[in-house]
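Engineer: There's a structure below that I have some questions on.
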Amino acid sequence: DTLAGADWLASASPFPRSVHALWAADPAASVVLPCGTAFDVVSVPALFGRRLADQLWSNGPGSGPVAAQRGRILLFASVGTAQRLPALLDWE
C-alpha cells in the first residue's frame, strides 16, 4: 500500500504507466503480472507460510508482500528465489 510497493509491482508489467493509471482510478483493481522479471512468487501451505511470514517479521519489517489464496500463502520474493528454494530449505 505504498508508492514504492506500487512502483515495484507495476515494474513487472510491460505497461507500468497503464497499471499505475488503473490503480489510481481503482486502488482495489486486480492486475495479472508475470513472475520472474521483478519478483517470484513462492506458494506454500497456509500454516507453513504464516509461520514463515511471522518469523520474517519478527526480525523487522521488510519481508516483502504476502497474499493468501485457497489455503496457501504466496510470498513475493526476489527473482530466482523460487528456483533456489529447494536448496535454501535443505540448507536451513
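All residue names refer to the C-alpha cells as shown: chains lettered A, B, ... in order, residues numbered from 1 in each chain, ligands numbered from 1 in order.
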Run DSSP on the backbone of this structure and report the residues of stretch 7-61 of chain A it assigns to helix (DSSP H, G or I), as JSON, numbers by chain.

Structural biologist: {"A": [7, 8, 9, 10, 16, 17, 18, 19, 20, 21, 22, 23, 24, 25, 46, 47, 48, 49, 50, 51, 52, 53, 54, 55, 56, 57, 58]}

Engineer: Can you check which residues of chain A DSSP gives as strand (DSSP E or B) on the backbone and send them as JSON, numbers by chain?

Structural biologist: {"A": [40, 41, 42, 43, 44, 45, 66, 67, 68, 69, 72, 73, 74, 75, 76, 77]}

Engineer: Between A:Val41, A:Ala53, A:Ala68, A:Ala6, which one has atoms that come closest to A:Ala24, using only C-alpha atoms?

Structural biologist: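 Of A:Val41, A:Ala53, A:Ala68, A:Ala6, the one nearest A:Ala24 is A:Ala6, counting only C-alpha atoms.
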
Engineer: For each of A:Ala12, A:Ala21, A:Ala67, A:Ile73, take the minimum atom-to-atom distance to A:Phe39, counting only C-alpha atoms, then give the residue where this is smallest.

Structural biologist: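 With only C-alpha atoms as the atom set, the closest residue is A:Ala12.
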
Engineer: Ranking A:Leu33, A:Asp54, A:Arg17, A:Val42 by minimum distance to A:Leu75 and counting only C-alpha atoms, which one comes first?

Structural biologist: A:Val42

Engineer: I'd like the neighbourhood of A:Thr37 as a PyMOL selection string, where a residue qualifies if any of its atoms comes within 9 Å (using only C-alpha atoms), though same-chain residues fewer than 4 positions away should be ignored.

Structural biologist: chain A and resi 11-13+79

Engineer: Which one of A:Thr2, A:Gln55, A:Ser18, A:Thr81 sits closest to A:Cys35 if you count only C-alpha atoms?

Structural biologist: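 The closest residue to A:Cys35 is A:Thr81.
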
Engineer: Looking at only C-alpha atoms, which of A:Ala77, A:Ala25, A:Ala4, A:Val66 is the one that sits closest to A:Ala38?

Structural biologist: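 Among A:Ala77, A:Ala25, A:Ala4, A:Val66, it is A:Ala77 that comes nearest to A:Ala38.
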
Engineer: A:Val32: which residues within 12 Å, counting only C-alpha atoms, same-chain residues fewer than 3 positions away excluded, as a VMD selection string?

Structural biologist: chain A and resid 9 to 10 12 to 16 19 29 35

Engineer: Provide the atom CA of A:Arg50 to atom CA of A:Arg72 distance in Å, to one decimal place.

Structural biologist: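 So the two atoms, atom CA of A:Arg50 and atom CA of A:Arg72, lie 9.2 Å apart.
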
Engineer: Of the candidates A:Trp23, A:Leu74, A:Val31, A:Asp7, which one gets nearest to A:Phe48 if we count only C-alpha atoms?

Structural biologist: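 Using only C-alpha atoms, A:Phe48 sits closest to A:Leu74.
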
Engineer: Give me, please, the distance in Å between atom CA of A:Gly36 and atom CA of A:Gly80, quoted to one decimal.

Structural biologist: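 Atom-to-atom, atom CA of A:Gly36 to atom CA of A:Gly80, that is 7.2 Å.
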